[in-house]
Structure formats: C-alpha cells, structure tokens
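With mmCIF, C-alpha atoms inside, this is model31.cif:
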data_my_file
loop_
_atom_site.group_PDB
_atom_site.id
_atom_site.type_symbol
_atom_site.label_atom_id
_atom_site.label_comp_id
_atom_site.auth_asym_id
_atom_site.auth_seq_id
_atom_site.Cartn_x
_atom_site.Cartn_y
_atom_site.Cartn_z
ATOM 1 C CA MET W 1 31.893 -3.573 1.569
ATOM 2 C CA CYS W 2 31.046 -6.042 -1.202
ATOM 3 C CA VAL W 3 32.314 -9.530 -1.864
ATOM 4 C CA SER W 4 33.357 -10.265 -5.435
ATOM 5 C CA LEU W 5 33.399 -13.750 -6.920
ATOM 6 C CA TYR W 6 33.191 -14.472 -10.648
ATOM 7 C CA GLY W 7 32.671 -10.742 -11.125
ATOM 8 C CA LEU W 8 29.606 -10.620 -8.887
ATOM 9 C CA ASN W 9 29.496 -7.801 -6.348
ATOM 10 C CA MET W 10 27.240 -8.551 -3.423
ATOM 11 C CA ARG W 11 26.422 -7.342 0.053
ATOM 12 C CA PRO W 12 28.439 -9.305 2.629
ATOM 13 C CA GLU W 13 25.327 -11.079 3.943
ATOM 14 C CA ILE W 14 24.437 -12.331 0.430
ATOM 15 C CA SER W 15 27.249 -14.613 -0.711
ATOM 16 C CA VAL W 16 27.429 -16.876 -3.732
ATOM 17 C CA GLN W 17 26.797 -19.802 -1.410
ATOM 18 C CA ASN W 18 23.649 -18.352 0.138
ATOM 19 C CA ARG W 19 21.950 -16.421 -2.649
ATOM 20 C CA GLN W 20 19.219 -19.004 -2.237
ATOM 21 C CA ALA W 21 18.443 -21.631 0.359
ATOM 22 C CA ASP W 22 18.930 -25.232 -0.721
ATOM 23 C CA PHE W 23 15.488 -26.221 -1.980
ATOM 24 C CA PHE W 24 16.716 -29.328 -3.770
ATOM 25 C CA GLN W 25 14.521 -31.639 -1.678
ATOM 26 C CA VAL W 26 11.499 -29.932 -3.255
ATOM 27 C CA CYS W 27 12.856 -28.812 -6.619
ATOM 28 C CA GLY W 28 14.750 -32.058 -7.306
ATOM 29 C CA SER W 29 11.551 -34.086 -7.161
ATOM 30 C CA CYS W 30 9.351 -31.559 -8.982
ATOM 31 C CA ARG W 31 8.093 -32.778 -12.353
ATOM 32 C CA ILE W 32 6.412 -29.532 -13.376
ATOM 33 C CA GLY W 33 9.670 -28.127 -14.660
ATOM 34 C CA CYS W 34 10.399 -24.434 -14.188
ATOM 35 C CA CYS W 35 13.629 -25.062 -16.157
ATOM 36 C CA ASN W 36 11.589 -25.935 -19.237
ATOM 37 C CA GLY W 37 9.953 -23.423 -21.527
ATOM 38 C CA VAL W 38 11.035 -20.333 -19.615
ATOM 39 C CA ARG W 39 13.451 -17.641 -20.621
ATOM 40 C CA PRO W 40 14.955 -15.933 -17.572
ATOM 41 C CA PRO W 41 16.415 -12.531 -18.449
ATOM 42 C CA ILE W 42 20.195 -12.239 -18.465
ATOM 43 C CA THR W 43 21.710 -8.798 -18.021
ATOM 44 C CA THR W 44 25.108 -7.934 -19.467
ATOM 45 C CA LYS W 45 26.517 -8.145 -15.933
ATOM 46 C CA ARG W 46 24.928 -11.565 -15.242
ATOM 47 C CA LYS W 47 26.125 -12.871 -18.627
ATOM 48 C CA ALA W 48 29.738 -12.020 -17.733
ATOM 49 C CA ILE W 49 29.318 -13.593 -14.272
ATOM 50 C CA ILE W 50 27.965 -16.825 -15.785
ATOM 51 C CA GLU W 51 30.705 -16.983 -18.422
ATOM 52 C CA ASN W 52 33.389 -16.379 -15.761
ATOM 53 C CA TYR W 53 31.856 -19.118 -13.622
ATOM 54 C CA LEU W 54 31.736 -21.606 -16.512
ATOM 55 C CA ASN W 55 35.386 -20.882 -17.343
ATOM 56 C CA ALA W 56 36.499 -21.151 -13.708
ATOM 57 C CA GLU W 57 34.610 -24.435 -13.270
ATOM 58 C CA GLY W 58 35.800 -25.853 -16.603
ATOM 59 C CA VAL W 59 32.238 -26.345 -17.879
ATOM 60 C CA LYS W 60 32.124 -26.491 -21.685
ATOM 61 C CA ILE W 61 28.815 -25.457 -23.212
ATOM 62 C CA GLU W 62 28.689 -23.954 -26.687
ATOM 63 C CA ALA W 63 26.508 -20.935 -27.424
ATOM 64 C CA HIS W 64 25.219 -20.206 -23.941
ATOM 65 C CA PHE W 65 22.688 -17.514 -24.784
ATOM 66 C CA ASN W 66 19.984 -16.414 -27.208
ATOM 67 C CA GLU W 67 18.692 -12.923 -27.693
ATOM 68 C CA ILE W 68 15.433 -11.664 -29.058
ATOM 69 C CA VAL W 69 14.565 -8.409 -27.264
ATOM 70 C CA TYR W 70 16.444 -9.552 -24.174
ATOM 71 C CA THR W 71 19.144 -12.162 -23.552
ATOM 72 C CA PHE W 72 18.221 -15.552 -22.046
ATOM 73 C CA PRO W 73 19.849 -19.001 -21.734
ATOM 74 C CA ARG W 74 19.765 -21.076 -24.899
ATOM 75 C CA GLU W 75 17.260 -23.936 -24.832
ATOM 76 C CA THR W 76 17.835 -27.570 -25.725
ATOM 77 C CA GLU W 77 15.780 -29.215 -28.473
ATOM 78 C CA ASP W 78 13.211 -30.333 -25.887
ATOM 79 C CA GLY W 79 12.888 -26.836 -24.387
ATOM 80 C CA TYR W 80 15.068 -27.134 -21.287
ATOM 81 C CA CYS W 81 17.486 -24.441 -20.197
ATOM 82 C CA ILE W 82 20.967 -25.285 -21.496
ATOM 83 C CA PHE W 83 22.252 -25.126 -17.898
ATOM 84 C CA PHE W 84 19.778 -27.720 -16.563
ATOM 85 C CA GLN W 85 21.236 -31.206 -15.984
ATOM 86 C CA LYS W 86 18.470 -33.726 -16.602
ATOM 87 C CA GLU W 87 20.378 -36.571 -14.934
ATOM 88 C CA THR W 88 20.768 -34.761 -11.602
ATOM 89 C CA ARG W 89 17.857 -32.309 -12.021
ATOM 90 C CA ARG W 90 20.238 -29.567 -10.895
ATOM 91 C CA CYS W 91 21.437 -26.318 -12.390
ATOM 92 C CA ARG W 92 25.019 -26.317 -13.686
ATOM 93 C CA ILE W 93 25.347 -22.654 -12.730
ATOM 94 C CA HIS W 94 23.405 -22.715 -9.443
ATOM 95 C CA PRO W 95 25.709 -20.318 -7.515
ATOM 96 C CA VAL W 96 25.457 -17.660 -10.240
ATOM 97 C CA LYS W 97 22.133 -18.459 -11.905
ATOM 98 C CA PRO W 98 19.789 -15.724 -13.170
ATOM 99 C CA GLU W 99 18.047 -13.509 -10.647
ATOM 100 C CA THR W 100 14.559 -14.753 -11.527
ATOM 101 C CA CYS W 101 15.740 -18.323 -10.984
ATOM 102 C CA VAL W 102 16.921 -17.406 -7.493
ATOM 103 C CA ALA W 103 13.580 -15.707 -6.815
ATOM 104 C CA GLY W 104 11.896 -18.971 -7.853
ATOM 105 C CA PRO W 105 8.210 -18.896 -7.023
ATOM 106 C CA VAL W 106 8.345 -15.153 -6.318
ATOM 107 C CA THR W 107 7.658 -12.994 -9.328
ATOM 108 C CA PHE W 108 6.958 -9.312 -9.885
ATOM 109 C CA ASP W 109 5.251 -6.599 -11.855
ATOM 110 C CA ILE W 110 5.777 -2.844 -11.865
ATOM 111 C CA ASN W 111 2.770 -0.582 -11.516
ATOM 112 C CA LEU W 112 3.619 2.672 -13.282
ATOM 113 C CA GLU W 113 0.583 4.460 -11.828
ATOM 114 C CA THR W 114 1.551 3.818 -8.204
ATOM 115 C CA GLY W 115 5.315 3.638 -8.723
ATOM 116 C CA LYS W 116 5.337 0.318 -6.864
ATOM 117 C CA ILE W 117 6.960 -3.000 -7.592
ATOM 118 C CA GLU W 118 4.361 -5.651 -6.817
ATOM 119 C CA TRP W 119 5.390 -9.067 -5.497
ATOM 120 C CA PHE W 120 3.530 -12.244 -6.401
ATOM 121 C CA LEU W 121 3.829 -15.870 -5.300
ATOM 122 C CA LYS W 122 3.100 -18.669 -7.740
ATOM 123 C CA MET W 123 0.312 -21.114 -6.926
ATOM 124 C CA GLU W 124 1.351 -24.447 -5.473
ATOM 125 C CA ALA W 125 -0.232 -26.168 -8.498
ATOM 126 C CA ILE W 126 2.556 -24.796 -10.717
ATOM 127 C CA CYS W 127 5.327 -24.694 -8.084
ATOM 128 C CA PRO W 128 5.436 -27.095 -5.118
ATOM 129 C CA LEU W 129 8.108 -24.885 -3.532
ATOM 130 C CA ALA W 130 5.599 -22.023 -3.376
ATOM 131 C CA GLY W 131 3.316 -24.215 -1.276
ATOM 132 C CA GLU W 132 6.137 -25.155 1.079
ATOM 133 C CA LEU W 133 7.187 -21.531 1.493
ATOM 134 C CA TYR W 134 3.615 -20.365 2.039
ATOM 135 C CA GLU W 135 3.200 -22.933 4.835
ATOM 136 C CA ASP W 136 6.449 -21.870 6.532
ATOM 137 C CA LYS W 137 6.179 -18.102 7.067
ATOM 138 C CA LYS W 138 9.740 -17.835 8.431
ATOM 139 C CA ALA W 139 11.139 -19.543 5.316
ATOM 140 C CA LEU W 140 8.971 -17.333 3.089
ATOM 141 C CA LEU W 141 10.221 -14.145 4.778
ATOM 142 C CA SER W 142 13.824 -15.281 4.401
ATOM 143 C CA HIS W 143 13.283 -16.228 0.758
ATOM 144 C CA MET W 144 11.491 -12.925 0.072
ATOM 145 C CA GLU W 145 14.520 -10.971 1.282
ATOM 146 C CA SER W 146 16.758 -12.787 -1.197
ATOM 147 C CA ALA W 147 14.161 -12.693 -3.997
ATOM 148 C CA LYS W 148 13.602 -8.950 -3.615
ATOM 149 C CA TYR W 149 17.323 -8.232 -3.582
ATOM 150 C CA GLU W 150 17.844 -10.275 -6.771
ATOM 151 C CA ILE W 151 14.829 -8.882 -8.636
ATOM 152 C CA LEU W 152 15.609 -5.286 -7.693
ATOM 153 C CA ASN W 153 19.134 -5.713 -9.057
ATOM 154 C CA LEU W 154 17.725 -7.240 -12.240
ATOM 155 C CA VAL W 155 15.161 -4.471 -12.749
ATOM 156 C CA HIS W 156 17.839 -1.842 -12.242
ATOM 157 C CA ASP W 157 20.293 -3.505 -14.679
ATOM 158 C CA LEU W 158 17.876 -4.174 -17.568
ATOM 159 C CA ASN W 159 17.476 -1.470 -20.170
ATOM 160 C CA ALA W 160 14.021 -0.042 -20.933
ATOM 161 C CA ALA W 161 13.278 -2.305 -23.933
ATOM 162 C CA GLU W 162 14.348 -5.435 -22.047
ATOM 163 C CA LEU W 163 12.318 -4.514 -18.975
ATOM 164 C CA HIS W 164 9.222 -3.700 -21.058
ATOM 165 C CA GLU W 165 9.518 -7.123 -22.719
ATOM 166 C CA ILE W 166 9.882 -8.923 -19.374
ATOM 167 C CA LEU W 167 6.837 -7.132 -17.969
ATOM 168 C CA LYS W 168 4.728 -8.395 -20.898
ATOM 169 C CA ILE W 169 5.152 -11.992 -19.699
ATOM 170 C CA GLU W 170 1.878 -13.131 -18.164
ATOM 171 C CA GLU W 171 1.998 -15.157 -14.958
ATOM 172 C CA PRO W 172 -1.681 -15.922 -14.319
ATOM 173 C CA GLU W 173 -1.285 -18.578 -11.615
ATOM 174 C CA THR W 174 0.040 -16.196 -8.974
ATOM 175 C CA PHE W 175 -1.326 -14.079 -6.137
ATOM 176 C CA LYS W 176 -0.097 -10.763 -4.793
ATOM 177 C CA ILE W 177 1.826 -10.935 -1.524
ATOM 178 C CA GLY W 178 3.105 -7.378 -1.217
ATOM 179 C CA GLU W 179 4.504 -4.278 -2.832
ATOM 180 C CA ASP W 180 7.340 -1.817 -2.335
ATOM 181 C CA ASN W 181 8.298 1.574 -3.703
ATOM 182 C CA THR W 182 10.275 1.338 -6.926
ATOM 183 C CA ASP W 183 13.446 3.252 -7.614
ATOM 184 C CA PRO W 184 12.318 6.427 -9.456
ATOM 185 C CA GLU W 185 15.068 5.746 -12.010
ATOM 186 C CA VAL W 186 13.298 2.486 -12.968
ATOM 187 C CA ILE W 187 9.946 4.249 -13.327
ATOM 188 C CA THR W 188 11.574 6.943 -15.492
ATOM 189 C CA LYS W 189 13.095 4.400 -17.866
ATOM 190 C CA LEU W 190 9.722 2.618 -18.204
ATOM 191 C CA LYS W 191 7.630 5.697 -18.910
ATOM 192 C CA PRO W 192 7.453 6.762 -22.554
ATOM 193 C CA SER W 193 9.330 9.959 -23.286
ATOM 194 C CA VAL W 194 7.154 12.837 -24.388
#
Take the structure I supplied and represent it as structure tokens, if you would.
Amino acid sequence: MCVSLYGLNMRPEISVQNRQADFFQVCGSCRIGCCNGVRPPITTKRKAIIENYLNAEGVKIEAHFNEIVYTFPRETEDGYCIFFQKETRRCRIHPVKPETCVAGPVTFDINLETGKIEWFLKMEAICPLAGELYEDKKALLSHMESAKYEILNLVHDLNAAELHEILKIEEPETFKIGEDNTDPEVITKLKPSV
C-alpha cells in the first residue's frame, strides 16, 4: 500500500514528513551553500508533485523550472535555488524537494561495466552534515536508507538523455561508501543501442 500526498506515491514507512530527518541544526548554520550553484534533476513526476505542493500551500513563485538537457529549479540572480529562502535558510518545498536534495551528502554514480550503482559521501569540507553523519553510524545508516530509496526512484524515472547528463556531473570531493546492483532496466537505457 502506498500513501499519496501532492501526487507522491510512497511506501508507508516513507511519508512526506519523514523523507529526510530534520538536519536544520546543521544545514541552517552551514555557509557553504548546497542550495547555490547546483541544479538538482527534476523528473516529470517530481515537477507535478512540486507544483501541486506550491498550489496547495499557496506559494506563488513564477517560472519554477529551467530545462537544458534535464529539468532543474530556476536559479535566482545570485545563483540560489528559487525555492531557497535566504531569510530562514530553509527550503520552501522541503516536504517534496528533489530526490538529490533529500539524499544530501550522499551522491551516486552508475558503473555500466559492473552493473552497480555506487554510493559516495561528500567530504566534510564541502558538507558539514556529511561529517556529522559519518561520526554517527546509526544516523548514517538511517539516512542511507532514505537516500538510496530517493536516488533509485530518480534514476528509474529519468530518461536516458537526462540520466547521461546527470552522470557527467563531477563530484570530486567524495569517497565511496558502498554499491548495490542496479535495475537492469536502468543499465539498458544507459547503454548505447547497437
């Protein structure tokens, strides 16, 4: 059984309220700024969820998204995500924000040779939350469960061109923390057709 809110279907144990633990004590004081200069991918499904949420909450923001090869939140003149509130340092769409935003300091790559999705954790120097999670193994395991769920949904929902573009993004200040088998359907859409 899935719970649906704002058009988002989720497993019962992953609700809108607990897609991500409340890391505001760390993220609210961070001055590095993961909401600046990044372009989290937005699937067609996530776009509809965000728009439904904005309408339900009465939040008025013009032109929410940009698209080059993939769709991402529009940026302000100074490079911040349009959904970031500078005054509060919080996300206007926190309960329905993009999957990579929920994953936070956890990022991924897909190894076509092994058929594995590889999981990486950002260095504490670029994400204080990564340091906190690394120090608290129980919190890291809990966060990894949510991050994997979100990223696997994202990878499944992106089309081949979008996913190829996302995988081109370099994240040098990370280290590998694990890997899992990838859905063969994802590998098939990434491999060039002969």
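Distances here use all atoms listed in the file; by that measure, the residue among W:Lys148, W:Lys97, W:His143, W:His164 closest to Lys45 of chain W is W:Lys97.
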| field | Contacts of Thr174 of chain W at 8 Å (only C-alpha atoms; same-chain gap of 6+ positions) as a PyMOL selection string | value | chain W and resi 120-123
| remark: Using all atoms listed in the file, the shortest atom-to-atom distance to Ser146 of chain W among W:Phe175, W:Ala103, W:Lys116, W:Pro128 belongs to W:Ala103
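Interatomic distance, atom CA of Asn36 of chain W against atom CA of Ala147 of chain W: 20.4 Å.
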| query | So, counting all atoms listed in the file, which residue among W:Val155, W:Ala139, W:Ile166, W:Leu54 is closest to Glu185 of chain W? | reply | W:Val155
| Among the residues W:Cys35, W:Ile117, W:Ile61, W:Ala125, the one that comes closest to Lys86 of chain W [using all atoms listed in the file] | W:Cys35
| request: Find, counting all atoms listed in the file, the residue in W:Asp157, W:Asn52, W:Arg39, W:Lys60 that gets nearest to Arg74 of chain W. | output: W:Arg39
| note | With distances taken over all atoms listed in the file, the candidate from W:Cys81, W:Ala130, W:Ile49, W:Ile68 nearest Thr107 of chain W is W:Ala130
| message | Please compute the atom CA of Met144 of chain W-atom CA of Ile42 of chain W distance, one decimal, in Å. | response | 20.5 Å
| task | Can you pull out every residue within 10 Å of Pro98 of chain W, counting all atoms listed in the file, but drop anything in the same chain fewer than 5 positions away, and send it as an MDAnalysis selection string? | result | chainID W and resid 39:43 46:47 49:50 72:73 93 103 150:151 154
| Expressed in Å to a single decimal, how great is the separation between atom CA of Val102 of chain W and atom CA of Glu145 of chain W? | 11.1 Å
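Matched in the shown structure by the PyMOL selection byres ((chain W and resi 190) around 10): Ile110, Leu112, Asn159, Ala160, Ala161, Leu163, His164, Pro184, Glu185, Val186, Ile187, Thr188, Lys189, Lys191, Pro192 and Ser193 of chain W.
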